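One file, final.cif, carrying mmCIF, C-alpha atoms:
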data_my_file
#
loop_
_atom_site.label_atom_id
_atom_site.label_comp_id
_atom_site.auth_asym_id
_atom_site.auth_seq_id
_atom_site.Cartn_x
_atom_site.Cartn_y
_atom_site.Cartn_z
CA MET A 27 125.26 121.13 127.54
CA THR A 28 124.08 124.51 126.23
CA LEU A 29 121.01 124.81 124.08
CA SER A 30 123.07 125.59 120.95
CA ASN A 31 125.29 122.53 121.58
CA ALA A 32 122.25 120.37 122.06
CA VAL A 33 120.76 121.65 118.79
CA ARG A 34 124.10 121.00 117.00
CA ALA A 35 124.31 117.48 118.41
CA PHE A 36 120.74 116.78 117.32
CA THR A 37 121.43 118.11 113.82
CA VAL A 38 124.54 115.93 113.42
CA GLY A 39 122.64 112.90 114.69
CA ALA A 40 119.75 113.55 112.32
CA SER A 41 122.16 113.98 109.38
CA LEU A 42 123.79 110.65 110.14
CA LEU A 43 120.39 108.98 110.21
CA VAL A 44 119.51 110.48 106.81
CA LEU A 45 122.87 109.27 105.38
CA VAL A 46 122.21 105.74 106.64
CA ALA A 47 118.67 105.73 105.18
CA CYS A 48 119.88 107.01 101.79
CA SER A 49 122.72 104.53 101.50
CA SER A 50 120.47 101.60 102.30
CA SER A 51 117.83 102.67 99.77
CA GLY A 52 120.52 103.52 97.23
CA SER A 53 121.75 99.95 97.20
CA GLY A 54 118.23 98.60 96.99
CA ASP A 55 117.99 97.96 93.27
CA SER A 56 117.43 94.27 93.94
CA HIS A 57 114.02 92.65 94.09
CA VAL A 58 112.47 95.20 91.75
CA ALA A 59 109.85 94.10 89.22
CA SER A 60 112.08 94.83 86.23
CA GLU A 61 114.31 91.94 87.32
CA LEU A 62 111.53 89.59 86.23
CA LEU A 63 111.86 90.59 82.57
CA GLY A 64 113.02 87.72 80.39
CA THR A 65 112.57 85.14 83.15
CA SER A 66 110.09 82.31 83.11
CA LEU A 67 106.75 82.79 84.82
CA GLU A 68 107.75 79.91 87.08
CA SER A 69 110.80 81.85 88.32
CA ALA A 70 108.77 85.04 88.58
CA ARG A 71 106.30 83.35 90.89
CA THR A 72 109.03 82.46 93.35
CA ALA A 73 110.16 86.10 93.44
CA VAL A 74 106.70 87.43 94.29
CA PRO A 75 106.00 87.67 98.04
CA GLU A 76 103.65 84.97 99.33
CA ASP A 77 101.12 87.48 100.62
CA ALA A 78 101.08 89.73 97.54
CA ALA A 79 98.34 89.60 94.94
CA LEU A 80 99.56 88.40 91.55
CA SER A 81 97.99 89.13 88.17
CA ILE A 82 99.19 87.61 84.92
CA GLN A 83 98.42 89.20 81.57
CA ASP A 84 98.73 87.05 78.49
CA ILE A 85 99.69 89.41 75.66
CA SER A 86 100.44 86.70 73.09
CA LEU A 87 98.81 88.84 70.41
CA VAL A 88 101.97 90.99 70.33
CA VAL A 89 103.78 87.96 68.88
CA GLY A 90 100.89 87.05 66.58
CA LEU A 91 99.38 84.33 68.76
CA GLU A 92 96.07 83.94 70.51
CA ALA A 93 96.03 84.35 74.30
CA THR A 94 95.83 80.87 75.80
CA TYR A 95 97.34 81.17 79.29
CA ARG A 96 95.44 79.30 81.99
CA GLU A 97 96.44 78.87 85.62
CA GLY A 98 97.82 75.39 86.17
CA LEU A 99 99.48 75.11 82.76
CA SER A 100 103.23 74.79 83.03
CA ASP A 101 104.58 78.18 83.99
CA ASP A 102 108.02 77.43 82.58
CA THR A 103 106.63 77.72 79.05
CA TRP A 104 105.79 81.40 79.55
CA THR A 105 108.21 84.32 79.65
CA VAL A 106 107.70 87.63 81.42
CA VAL A 107 108.00 90.62 79.06
CA SER A 108 106.58 93.33 81.34
CA ALA A 109 106.18 93.63 85.09
CA CYS A 110 105.25 96.12 87.79
CA SER A 111 104.77 96.14 91.52
CA SER A 112 102.72 98.38 93.79
CA GLU A 113 105.84 99.50 95.67
CA GLU A 114 109.33 100.15 94.34
CA ARG A 115 110.59 96.84 95.71
CA MET A 116 108.59 93.63 95.44
CA PRO A 117 109.04 92.49 99.06
CA GLU A 118 107.11 95.56 100.22
CA SER A 119 104.44 95.25 97.53
CA ASP A 120 100.94 93.92 97.96
CA LEU A 121 100.41 93.61 94.20
CA VAL A 122 102.64 92.36 91.41
CA GLU A 123 101.48 92.20 87.81
CA VAL A 124 103.31 90.55 84.92
CA ALA A 125 102.65 90.28 81.18
CA VAL A 126 103.74 87.08 79.48
CA VAL A 127 104.18 85.53 76.05
CA PRO A 128 104.90 81.89 75.19
CA THR A 129 108.61 81.15 75.68
CA ALA A 130 108.70 79.51 72.24
CA SER A 131 107.94 82.89 70.69
CA PHE A 132 110.38 84.84 72.87
CA THR A 133 112.86 85.30 70.07
CA GLU A 134 115.82 87.68 70.00
CA ALA A 135 113.64 90.13 68.10
CA VAL A 136 110.95 89.99 70.78
CA LYS A 137 113.64 90.33 73.44
CA GLU A 138 114.85 93.52 71.74
CA ARG A 139 111.30 94.87 71.60
CA MET A 140 111.02 94.14 75.31
CA LYS A 141 114.30 95.94 76.02
CA ASP A 142 113.09 98.90 73.98
CA GLY A 143 110.13 99.13 76.34
CA GLU A 144 107.50 98.25 73.75
CA PHE A 145 105.52 96.16 76.25
CA ARG A 146 106.04 98.44 79.24
CA ASP A 147 102.48 99.75 79.25
CA ALA A 148 100.96 96.25 79.13
CA VAL A 149 100.86 96.23 82.94
CA THR A 150 98.81 99.04 84.35
CA SER A 151 97.24 97.88 87.60
CA CYS A 152 100.05 98.42 90.08
CA HIS A 153 99.42 102.04 90.97
CA GLY A 154 95.68 102.21 91.44
CA MET B 27 80.45 85.57 128.68
CA ILE B 28 79.74 86.70 132.21
CA ALA B 29 81.97 89.30 133.80
CA PRO B 30 81.50 90.23 137.46
CA VAL B 31 82.18 93.83 138.25
CA ALA B 32 82.30 95.02 141.86
CA VAL B 33 80.70 98.40 142.34
CA GLY B 34 81.24 100.81 145.19
CA ALA B 35 80.08 99.93 148.68
CA SER B 36 76.89 101.56 149.89
CA ALA B 37 75.81 102.22 153.47
CA HIS B 38 72.56 100.65 154.67
CA ALA B 39 70.28 101.63 157.47
CA ASP B 40 71.74 98.96 159.72
CA ASP B 41 75.15 100.51 159.15
CA ARG B 42 76.65 97.28 157.82
CA GLN B 43 78.64 97.66 154.67
CA HIS B 44 77.41 95.75 151.62
CA THR B 45 79.32 95.38 148.35
CA GLN B 46 77.00 95.02 145.41
CA GLN B 47 77.91 92.46 142.77
CA LEU B 48 77.38 93.71 139.23
CA TRP B 49 77.24 91.08 136.49
CA GLU B 50 77.19 91.96 132.82
CA ALA B 51 77.02 89.64 129.85
CA THR B 52 76.72 90.31 126.13
CA THR B 53 75.77 87.51 123.80
CA VAL B 54 74.56 86.99 120.26
CA THR B 55 70.86 86.55 119.64
CA ASN B 56 68.48 86.41 116.66
CA LYS B 57 71.23 85.12 114.38
CA LEU B 58 70.35 84.26 110.81
CA LYS B 59 72.53 83.36 107.82
CA LEU B 60 71.22 85.56 105.03
CA SER B 61 73.33 84.09 102.25
CA SER B 62 76.22 81.76 101.60
CA SER B 63 77.20 83.36 98.31
CA THR B 64 77.59 87.02 99.17
CA ARG B 65 80.25 88.97 97.33
CA SER B 66 82.73 91.13 99.22
CA SER B 67 82.02 94.84 98.92
CA LYS B 68 85.53 95.54 97.64
CA PRO B 69 87.31 93.54 94.93
CA ILE B 70 90.25 91.49 96.16
CA GLY B 71 91.95 91.85 92.81
CA SER B 72 91.65 93.77 89.58
CA CYS B 73 93.53 93.91 86.35
CA SER B 74 93.34 96.35 83.47
CA ILE B 75 93.91 94.59 80.15
CA GLY B 76 97.10 95.93 78.62
CA ARG B 77 96.74 94.74 75.02
CA ASP B 78 93.77 94.11 72.72
CA GLY B 79 92.88 90.43 72.75
CA GLY B 80 94.85 89.82 75.92
CA THR B 81 93.65 87.95 78.96
CA CYS B 82 94.29 88.51 82.64
CA THR B 83 94.55 85.85 85.29
CA ILE B 84 94.08 86.96 88.87
CA SER B 85 96.33 84.28 90.24
CA ARG B 86 96.27 85.35 93.84
CA GLY B 87 94.02 88.04 95.20
CA LYS B 88 94.65 90.36 98.06
CA THR B 89 93.36 89.04 101.35
CA ALA B 90 89.64 89.45 101.96
CA ASP B 91 88.45 91.13 105.15
CA ARG B 92 86.30 89.15 107.58
CA THR B 93 83.93 91.75 109.00
CA ILE B 94 82.07 91.25 112.28
CA SER B 95 79.99 94.15 113.60
CA LEU B 96 79.97 94.68 117.35
CA SER B 97 77.79 96.55 119.82
CA LEU B 98 76.92 96.74 123.55
CA GLY B 99 80.31 95.34 124.56
CA LEU B 100 80.02 92.24 122.38
CA THR B 101 83.54 91.06 121.64
CA ARG B 102 84.77 89.81 118.29
CA SER B 103 85.70 86.43 119.71
CA VAL B 104 82.29 85.88 121.35
CA ALA B 105 80.47 86.93 118.17
CA ALA B 106 82.69 84.73 115.97
CA SER B 107 82.30 81.75 118.25
CA SER B 108 78.54 82.15 118.29
CA LEU B 109 78.43 82.34 114.49
CA GLY B 110 80.78 79.39 114.18
CA ILE B 111 83.42 81.30 112.26
CA SER B 112 87.02 82.30 112.87
CA SER B 113 87.67 85.60 114.58
CA GLY B 114 90.71 86.29 112.36
CA LYS B 115 90.54 89.57 110.50
CA SER B 116 91.27 88.33 106.99
CA VAL B 117 91.21 85.33 104.69
CA SER B 118 93.64 84.47 101.88
CA THR B 119 92.01 83.03 98.81
CA SER B 120 93.59 80.07 97.06
CA VAL B 121 91.74 80.14 93.75
CA SER B 122 92.35 81.98 90.50
CA CYS B 123 90.28 83.14 87.55
CA THR B 124 91.14 84.04 83.97
CA SER B 125 89.32 86.58 81.84
CA PRO B 126 88.31 85.93 78.27
CA GLY B 127 90.22 87.85 75.63
CA MET B 128 89.28 91.50 76.15
CA LYS B 129 89.90 94.91 74.67
CA LYS B 130 92.73 97.06 75.97
CA GLY B 131 91.62 99.05 78.99
CA SER B 132 88.88 96.59 80.04
CA VAL B 133 89.01 95.77 83.73
CA TRP B 134 88.75 92.23 85.13
CA LYS B 135 87.96 92.03 88.82
CA ALA B 136 87.76 89.34 91.48
CA TRP B 137 85.66 89.48 94.64
CA ALA B 138 85.72 87.20 97.64
CA VAL B 139 82.56 85.12 98.18
CA GLY B 140 81.30 83.96 101.53
CA ASP B 141 78.61 83.76 104.20
CA TYR B 142 76.64 86.79 105.30
CA TRP B 143 75.02 86.81 108.73
CA LYS B 144 72.70 89.11 110.61
CA TYR B 145 72.31 89.01 114.38
CA LYS B 146 71.76 91.18 117.42
CA ALA B 147 73.84 91.73 120.51
CA LYS B 148 72.00 91.26 123.80
CA LYS B 149 73.44 92.68 126.98
CA VAL B 150 72.05 91.78 130.41
CA THR B 151 73.01 93.45 133.66
CA TYR B 152 72.49 91.80 137.04
CA VAL B 153 73.01 93.41 140.42
CA ASP B 154 73.12 90.93 143.29
CA ALA B 155 71.67 88.28 140.98
CA VAL B 156 68.70 90.46 140.09
CA LEU B 157 68.23 91.39 136.44
CA VAL B 158 68.21 95.17 136.34
CA LYS B 159 68.68 95.86 132.66
CA ALA B 160 68.37 94.04 129.32
CA GLN B 161 69.45 95.78 126.13
CA THR B 162 69.29 94.58 122.55
CA SER B 163 71.15 96.18 119.66
CA PRO B 164 69.76 96.81 116.19
CA TYR B 165 70.69 94.12 113.67
CA LEU B 166 74.43 93.69 113.17
CA TYR B 167 76.11 92.00 110.19
CA ALA B 168 79.07 89.72 109.61
CA PHE B 169 80.78 88.61 106.40
CA ASN B 170 82.90 85.46 106.41
CA PRO B 171 84.79 85.12 103.11
CA SER B 172 85.65 81.67 101.80
CA SER B 173 89.25 80.83 100.94
CA THR B 174 88.16 78.68 98.01
CA ARG B 175 85.50 80.75 96.27
CA ILE B 176 85.81 83.95 94.31
CA HIS B 177 83.61 85.73 91.80
CA CYS B 178 85.21 87.28 88.73
CA ALA B 179 83.79 89.61 86.13
#
Let me see the file written as structure tokens.
Amino acid sequence: MTLSNAVRAFTVGASLLVLVACSSSGSGDSHVASELLGTSLESARTAVPEDAALSIQDISLVVGLEATYREGLSDDTWTVVSACSSEERMPESDLVEVAVVPTASFTEAVKERMKDGEFRDAVTSCHG
Amino acid sequence: MIAPVAVGASAHADDRQHTQQLWEATTVTNKLKLSSSTRSSKPIGSCSIGRDGGTCTISRGKTADRTISLSLGLTRSVAASSLGISSGKSVSTSVSCTSPGMKKGSVWKAWAVGDYWKYKAKKVTYVDAVLVKAQTSPYLYAFNPSSTRIHCA
């Protein structure tokens, strides 16, 4: 094999590798923190990797209530309205942070505010 | 731990070959537990309050490092065994803490809490069962975080 053929073969091989890497990351929109929005804190916990740190912000004041969340209270009565992770996908993250409000106050109006991104900046710890 | 090391043969006046036996051992000495409530140097979790009046619960922290200083050939397993602690490099905490209601931008942090030791490494060298050298390191330190205690502020 001549040097130019070897270089060409290497270039083709490298291009194929890049294509494979891109296609796998392109389909990787699952397991991202935004998938937690609107789910119960109980469900969110199961989606967070076992070895990742988890912080929970109670932002009940945005729905006119006092913050009362305590660890050990039933997580199915809290709904996630904002979430972030230290890496793009949660399985690779060592930190996941969520903001929650009581499920009883997660009305359609609050859901719309969540969709509009009103609570997006409630979680700030994921990127240093 | 004693480790025999054969050194090169040396010729003697009587022309018989003799292989010297070198023995080296490094152990822990002068150990003292300085505290059982020392805080880790780095937080294992932190949370910046996102909304005025909000709280943050550090539900699970990052793992805390178990640090064991070494010197003079002292191994991590020998040091850990002597201190009565695990030689594993990290500890996962199983406790949580919740902040009071705080202003937006306030930071709530959690630190691991554990035992803090000081000790020295002592290395002895024997050649043919004769002590030829004894060395002692300066004080070394170890931190053994607890899995069930954290400090939050």
Residue nearest B:Ile84 - candidates B:Ser103, B:Ser132, B:Ser72, B:Ser66, atoms counted: only C-alpha atoms: B:Ser72
Residues matched by the PyMOL selection byres ((chain B) within 6 of (chain A)) as an mmCIF file with C-alpha atoms, in the coordinates of the input:
data_model
loop_
_atom_site.group_PDB
_atom_site.id
_atom_site.type_symbol
_atom_site.label_atom_id
_atom_site.label_comp_id
_atom_site.auth_asym_id
_atom_site.auth_seq_id
_atom_site.Cartn_x
_atom_site.Cartn_y
_atom_site.Cartn_z
ATOM 1 C CA CYS B 73 93.530 93.910 86.350
ATOM 2 C CA SER B 74 93.340 96.350 83.470
ATOM 3 C CA GLY B 76 97.100 95.930 78.620
ATOM 4 C CA GLY B 80 94.850 89.820 75.920
ATOM 5 C CA THR B 81 93.650 87.950 78.960
ATOM 6 C CA CYS B 82 94.290 88.510 82.640
ATOM 7 C CA THR B 83 94.550 85.850 85.290
ATOM 8 C CA ILE B 84 94.080 86.960 88.870
ATOM 9 C CA SER B 85 96.330 84.280 90.240
ATOM 10 C CA ARG B 86 96.270 85.350 93.840
ATOM 11 C CA GLY B 87 94.020 88.040 95.200
ATOM 12 C CA LYS B 88 94.650 90.360 98.060
#
Evaluate the PyMOL selection byres ((chain A and resi 70) around 10) and report residues as a ChimeraX atom specification: /A:59,61-69,71-74,101-102,105-106,109,122,124
Distance in Å - atom CA of A:Glu114 versus atom CA of A:His153: 10.6 Å
For atom CA of B:Ala160 and atom CA of B:Leu96, the interatomic separation in Å (one decimal): 16.7 Å
Ground truth for the PyMOL selection byres ((chain B and resi 120) around 9), written as an MDAnalysis selection string: chainID B and resid 85:87 118:119 121:122 173:175
Around stretch 121-131 of chain B, with edges along x, y and z and 3 Å added on all six sides, what centre and edge lengths do you get, in Å to one decimal, as lines of an AutoDock Vina configuration file?
center_x = 90.5
center_y = 89.6
center_z = 84.2
size_x = 10.4
size_y = 24.9
size_z = 25.1
Contacts of B:Val139 within 7 Å, only C-alpha atoms, excl. fewer than 2 positions in-chain, as a ChimeraX atom specification: /B:63-66,137,171-172,175-177
Distance query B:Tyr145 at most 7 Å, all atoms listed in the file, self and fewer than 6 positions along chain excluded, as a PyMOL selection string: chain B and resi 54-58+165-167
Cut-off 8 Å around (74.9, 96.9, 124.6) with all atoms listed in the file: residues as a PyMOL selection string: chain B and resi 52+97-100+147-149+161-163
Atom CA of A:Ser108 to atom CA of A:Val136, distance in Å rounded to a single decimal: 11.9 Å
Any idea what's packed within 7 Å of B:Thr151, counting all atoms listed in the file, ignoring anything in its chain fewer than 3 positions away? Could you give it as an mmCIF file with C-alpha atoms, in the coordinates of the input?
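Result saved to part.cif:
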data_model
loop_
_atom_site.group_PDB
_atom_site.id
_atom_site.type_symbol
_atom_site.label_atom_id
_atom_site.label_comp_id
_atom_site.auth_asym_id
_atom_site.auth_seq_id
_atom_site.Cartn_x
_atom_site.Cartn_y
_atom_site.Cartn_z
ATOM 1 C CA TRP B 49 77.240 91.080 136.490
ATOM 2 C CA GLU B 50 77.190 91.960 132.820
ATOM 3 C CA ALA B 51 77.020 89.640 129.850
ATOM 4 C CA LEU B 157 68.230 91.390 136.440
ATOM 5 C CA VAL B 158 68.210 95.170 136.340
ATOM 6 C CA LYS B 159 68.680 95.860 132.660
ATOM 7 C CA ALA B 160 68.370 94.040 129.320
#
Taking the structure I provided as the source, export stretch 53-107 of chain B with C-alpha atoms, as a CSV table (one decimal), in the first residue's frame.
chain,number,residue,atom,x,y,z
B,53,THR,CA,4.7,0.2,59.8
B,54,VAL,CA,2.5,2.8,61.4
B,55,THR,CA,3.7,4.3,64.7
B,56,ASN,CA,2.7,7.2,67.0
B,57,LYS,CA,-0.9,7.1,65.9
B,58,LEU,CA,-3.4,9.4,67.5
B,59,LYS,CA,-7.0,10.1,66.7
B,60,LEU,CA,-7.2,13.9,66.7
B,61,SER,CA,-10.9,14.2,66.2
B,62,SER,CA,-14.0,12.2,65.4
B,63,SER,CA,-16.0,15.2,64.1
B,64,THR,CA,-13.7,16.6,61.5
B,65,ARG,CA,-15.3,18.2,58.4
B,66,SER,CA,-14.1,17.2,54.9
B,67,SER,CA,-12.0,20.0,53.3
B,68,LYS,CA,-14.3,20.0,50.2
B,69,PRO,CA,-18.1,20.1,50.3
B,70,ILE,CA,-19.8,16.9,49.1
B,71,GLY,CA,-22.8,18.8,47.9
B,72,SER,CA,-23.9,22.4,47.4
B,73,CYS,CA,-27.0,24.1,46.2
B,74,SER,CA,-27.7,27.7,45.2
B,75,ILE,CA,-31.2,28.7,46.2
B,76,GLY,CA,-33.2,29.5,43.1
B,77,ARG,CA,-36.1,31.4,44.5
B,78,ASP,CA,-36.6,33.7,47.5
B,79,GLY,CA,-38.0,31.8,50.4
B,80,GLY,CA,-37.1,28.5,48.8
B,81,THR,CA,-35.3,25.6,50.6
B,82,CYS,CA,-32.8,23.1,49.3
B,83,THR,CA,-32.4,19.6,50.4
B,84,ILE,CA,-29.1,17.9,49.7
B,85,SER,CA,-30.6,14.5,49.4
B,86,ARG,CA,-27.6,12.6,48.4
B,87,GLY,CA,-24.1,14.1,48.3
B,88,LYS,CA,-21.2,13.2,46.1
B,89,THR,CA,-19.0,10.6,47.6
B,90,ALA,CA,-16.5,11.8,50.2
B,91,ASP,CA,-12.8,11.0,49.7
B,92,ARG,CA,-11.0,8.8,52.3
B,93,THR,CA,-7.5,10.3,52.5
B,94,ILE,CA,-4.6,8.3,53.9
B,95,SER,CA,-1.1,9.9,53.6
B,96,LEU,CA,1.8,7.6,52.8
B,97,SER,CA,5.5,7.8,53.2
B,98,LEU,CA,8.7,5.6,53.3
B,99,GLY,CA,7.0,2.8,51.4
B,100,LEU,CA,4.0,2.5,53.7
B,101,THR,CA,1.1,1.1,51.7
B,102,ARG,CA,-2.5,2.2,51.9
B,103,SER,CA,-3.7,-1.2,53.1
B,104,VAL,CA,-1.1,-1.4,55.9
B,105,ALA,CA,-1.9,2.1,57.1
B,106,ALA,CA,-5.7,1.5,56.9
B,107,SER,CA,-5.4,-1.8,58.7
